[in-house]
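**Student:** Next comes model-v5.txt, compact mmCIF, C-alpha atoms and all ligand atoms:
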# COMPACT_ATOMS: atom_id res chain seq x y z
CA MET A 1 -123.54 -40.78 73.22
CA ARG A 2 -124.82 -42.71 76.14
CA GLU A 3 -128.04 -41.45 77.65
CA THR A 4 -126.22 -39.74 80.51
CA GLU A 5 -124.02 -37.97 77.97
CA THR A 6 -127.07 -36.91 76.00
CA LYS A 7 -128.48 -35.37 79.15
CA ALA A 8 -125.19 -33.59 79.85
CA PHE A 9 -125.13 -32.39 76.25
CA LEU A 10 -128.64 -30.97 76.51
CA GLU A 11 -127.75 -29.24 79.77
CA LYS A 12 -124.84 -27.62 77.98
CA ALA A 13 -126.98 -26.54 75.03
CA LYS A 14 -129.47 -25.10 77.51
CA GLY A 15 -126.75 -22.81 78.82
CA ILE A 16 -127.02 -21.00 75.50
CA TYR A 17 -130.52 -21.87 74.36
CA SER A 18 -132.42 -21.48 77.58
CA ARG A 19 -135.75 -22.54 76.08
CA MET A 20 -134.43 -25.99 75.26
CA SER A 21 -135.70 -28.83 77.35
CA SER A 22 -133.56 -31.44 79.03
CA ASN A 23 -136.40 -33.45 80.52
CA GLU A 24 -136.71 -37.19 80.13
CA PHE A 25 -138.73 -36.93 76.95
CA ALA A 26 -136.23 -34.58 75.29
CA VAL A 27 -133.32 -36.78 76.34
CA GLU A 28 -135.06 -39.79 74.81
CA ILE A 29 -135.57 -38.07 71.45
CA TRP A 30 -132.07 -36.62 71.27
CA HIS A 31 -130.62 -39.92 72.36
CA LYS A 32 -132.40 -41.78 69.56
CA VAL A 33 -131.00 -39.42 66.95
CA LEU A 34 -127.49 -39.06 68.35
CA GLU A 35 -126.97 -42.52 69.81
CA ASN A 36 -124.15 -43.33 67.38
CA VAL A 37 -122.38 -40.00 67.59
CA SER A 38 -119.75 -39.43 70.27
CA TYR A 39 -120.15 -36.73 72.90
CA ASP A 40 -117.04 -35.02 71.59
CA LYS A 41 -118.44 -34.84 68.05
CA CYS A 42 -121.79 -33.56 69.27
CA TYR A 43 -120.04 -30.95 71.37
CA LYS A 44 -118.03 -29.72 68.39
CA ALA A 45 -121.14 -29.79 66.24
CA LEU A 46 -122.94 -27.65 68.80
CA ILE A 47 -120.17 -25.07 68.75
CA LYS A 48 -120.25 -25.04 64.98
CA TYR A 49 -124.02 -24.66 65.05
CA ILE A 50 -123.70 -21.70 67.41
CA THR A 51 -120.96 -19.99 65.41
CA ASP A 52 -122.57 -20.59 62.00
CA ASP A 53 -126.11 -19.48 62.63
CA GLY A 54 -127.20 -20.21 66.10
CA SER A 55 -130.22 -17.94 66.14
CA HIS A 56 -132.71 -20.79 66.63
CA ASP A 57 -132.72 -23.60 69.14
CA PRO A 58 -130.88 -26.53 67.55
CA LYS A 59 -132.83 -29.66 66.68
CA PRO A 60 -131.31 -33.13 67.08
CA GLY A 61 -131.12 -33.33 63.27
CA ASP A 62 -129.07 -30.14 63.09
CA ILE A 63 -126.44 -31.57 65.40
CA LEU A 64 -126.46 -34.90 63.56
CA ARG A 65 -126.03 -33.20 60.19
CA ILE A 66 -123.08 -31.12 61.38
CA ALA A 67 -121.51 -34.02 63.29
CA GLN A 68 -121.61 -36.14 60.14
CA SER A 69 -119.96 -33.46 58.06
CA THR A 70 -116.43 -32.39 58.80
CA TYR A 71 -116.10 -29.65 61.33
CA GLU A 72 -112.71 -28.40 60.26
CA GLU A 73 -114.44 -25.24 59.11
CA ILE A 74 -114.47 -24.09 62.73
CA ILE A 75 -110.78 -23.46 62.32
CA LYS A 76 -111.16 -21.88 58.88
CA ARG A 77 -113.71 -19.47 60.29
CA GLU A 78 -111.30 -18.33 62.93
CA ARG A 79 -111.14 -14.59 62.87
CA THR A 80 -108.44 -13.91 65.41
CA PRO A 81 -106.19 -16.61 66.80
CA CYS A 82 -107.01 -16.93 70.46
CA ASP A 83 -105.90 -19.57 72.96
CA LYS A 84 -108.83 -18.91 75.24
CA CYS A 85 -111.74 -19.51 72.85
CA ARG A 86 -109.81 -21.10 69.96
CA GLY A 87 -111.26 -18.58 67.60
CA THR A 88 -114.89 -19.39 68.31
CA GLY A 89 -115.51 -16.37 70.51
CA TYR A 90 -117.19 -18.62 73.06
CA ILE A 91 -115.99 -19.69 76.46
CA PHE A 92 -117.63 -22.68 78.10
CA LEU A 93 -117.26 -22.80 81.84
CA ILE A 94 -117.68 -25.79 84.03
CA GLY A 95 -117.97 -25.27 87.74
CA LYS A 96 -116.84 -27.54 90.57
CA ASP A 97 -120.45 -28.72 90.90
CA GLY A 98 -120.51 -29.68 87.21
CA HIS A 99 -122.76 -26.79 86.23
CA GLU A 100 -121.98 -25.50 82.76
CA SER A 101 -122.45 -22.04 81.41
CA ALA A 102 -121.35 -20.15 78.35
CA GLY A 103 -120.09 -16.68 77.73
CA ALA A 104 -118.27 -14.58 75.20
CA CYS A 105 -114.49 -14.47 75.11
CA ASP A 106 -112.93 -11.11 75.90
CA CYS A 107 -111.00 -11.20 72.60
CA GLU A 108 -112.08 -9.77 69.25
CA ASN A 109 -113.98 -12.96 68.35
CA GLY A 110 -116.08 -12.64 71.46
CA GLN A 111 -117.30 -9.21 70.42
CA ALA A 112 -119.19 -10.92 67.61
CA ASN A 113 -121.34 -12.64 70.22
CA PRO A 114 -123.42 -9.84 71.69
CA GLY A 115 -125.85 -10.71 74.43
CA LEU A 116 -123.58 -13.14 76.21
CA PRO A 117 -121.73 -12.20 79.37
CA VAL A 118 -118.06 -11.52 78.65
CA ILE A 119 -115.82 -13.90 80.53
CA THR A 120 -112.47 -12.67 81.73
CA LYS A 121 -110.32 -14.87 83.91
CA PHE A 122 -106.83 -14.62 85.29
CA SER A 123 -105.99 -18.09 84.13
CA TYR A 124 -107.60 -20.56 81.80
CA LYS A 125 -107.47 -24.22 82.58
CA PHE A 126 -109.12 -26.49 80.05
CA ASP A 127 -110.59 -29.92 80.50
CA GLY A 128 -110.58 -32.60 77.83
CA LEU A 129 -113.53 -31.05 76.03
CA GLY A 130 -112.11 -27.56 75.93
CA ARG A 131 -114.20 -26.27 78.79
CA VAL A 132 -112.69 -23.81 81.22
CA THR A 133 -112.66 -25.25 84.71
CA ASN A 134 -113.20 -23.06 87.73
ZN ZN B 1 -110.99 -15.55 72.34
Take the structure in the file and give it back as structure tokens.
**Tutor:**
Amino acid sequence: MRETETKAFLEKAKGIYSRMSSNEFAVEIWHKVLENVSYDKCYKALIKYITDDGSHDPKPGDILRIAQSTYEEIIKRERTPCDKCRGTGYIFLIGKDGHESAGACDCENGQANPGLPVITKFSYKFDGLGRVTN
């Protein structure tokens, strides 16, 4: 990831792990660890981290470890096929201003994610990273 992508990635992670920092220092550390991993891979690794355990704030090493392993298990773990969350139970929203937030899908998978706001929309438009655009 480029440094700007690392910052965007941290902002996304913060949507779920609000205690995480995305200040300059944090970006620098995460960037050093994930420099050679694409944004797309990091993003998928983050989702896998969230769906596998997700109870603690992820460390750069956690994302690196998952990104370096295969993440096909996301699909294997799918409980109920769902076009909206692709079986993860999570919906990532991106607003017109670029602000990202996360919520639980209103399908069966989403019910396994208590504590997150349930997202219900009339239509779901996805961007290239699987985020729902407003
Ligand atoms: Zn769903």
**Student:** Which chains and residue numbers are within 10 Å of ligand ZN 1 (chain B), counting all atoms listed in the file, if I want them as a PyMOL selection string?
**Tutor:** chain A and resi 78-91+104-111+119-120
**Student:** Kindly provide the residues of region 9-77 of chain A that approach region 114-117 of chain A to within 12 Å, each paired with its closest atom pair and their distance in Å to one decimal, based on all atoms listed in the file, listed by chain and increasing number, as JSON lines.
**Tutor:**
{"residue": "A:Gly15", "atom": "CA", "partner": "A:Leu116", "partner_atom": "CA", "distance": 10.5}
{"residue": "A:Ile16", "atom": "CA", "partner": "A:Leu116", "partner_atom": "CA", "distance": 8.6}
{"residue": "A:Tyr17", "atom": "CA", "partner": "A:Leu116", "partner_atom": "CA", "distance": 11.3}
{"residue": "A:Ser55", "atom": "CA", "partner": "A:Gly115", "partner_atom": "CA", "distance": 11.8}
**Student:** Given all atoms listed in the file as the basis, pick out the residue of A:Tyr124, A:Trp30, A:Ala112, A:Arg19 nearest to Lys7 (chain A).
**Tutor:** A:Trp30
**Student:** Between CA of Arg131 (chain A) and CA of Ser18 (chain A), measure the distance and give it in Å to one decimal.
**Tutor:** 18.9 Å
**Student:** So how many Å separate CA of Glu3 (chain A) and CA of Ala102 (chain A), to one decimal?
**Tutor:** 22.3 Å
**Student:** So how many Å separate CA of Thr6 (chain A) and CA of Leu64 (chain A), to one decimal?
**Tutor:** 12.6 Å
**Student:** Skipping near chain neighbours, those fewer than 3 positions away, what residues fall within 12 Å of Ser38 (chain A) using all atoms listed in the file, listed as a ChimeraX atom specification?
**Tutor:** /A:1-3,5-6,9,31,33-35,41-45,63-64,67-68,129
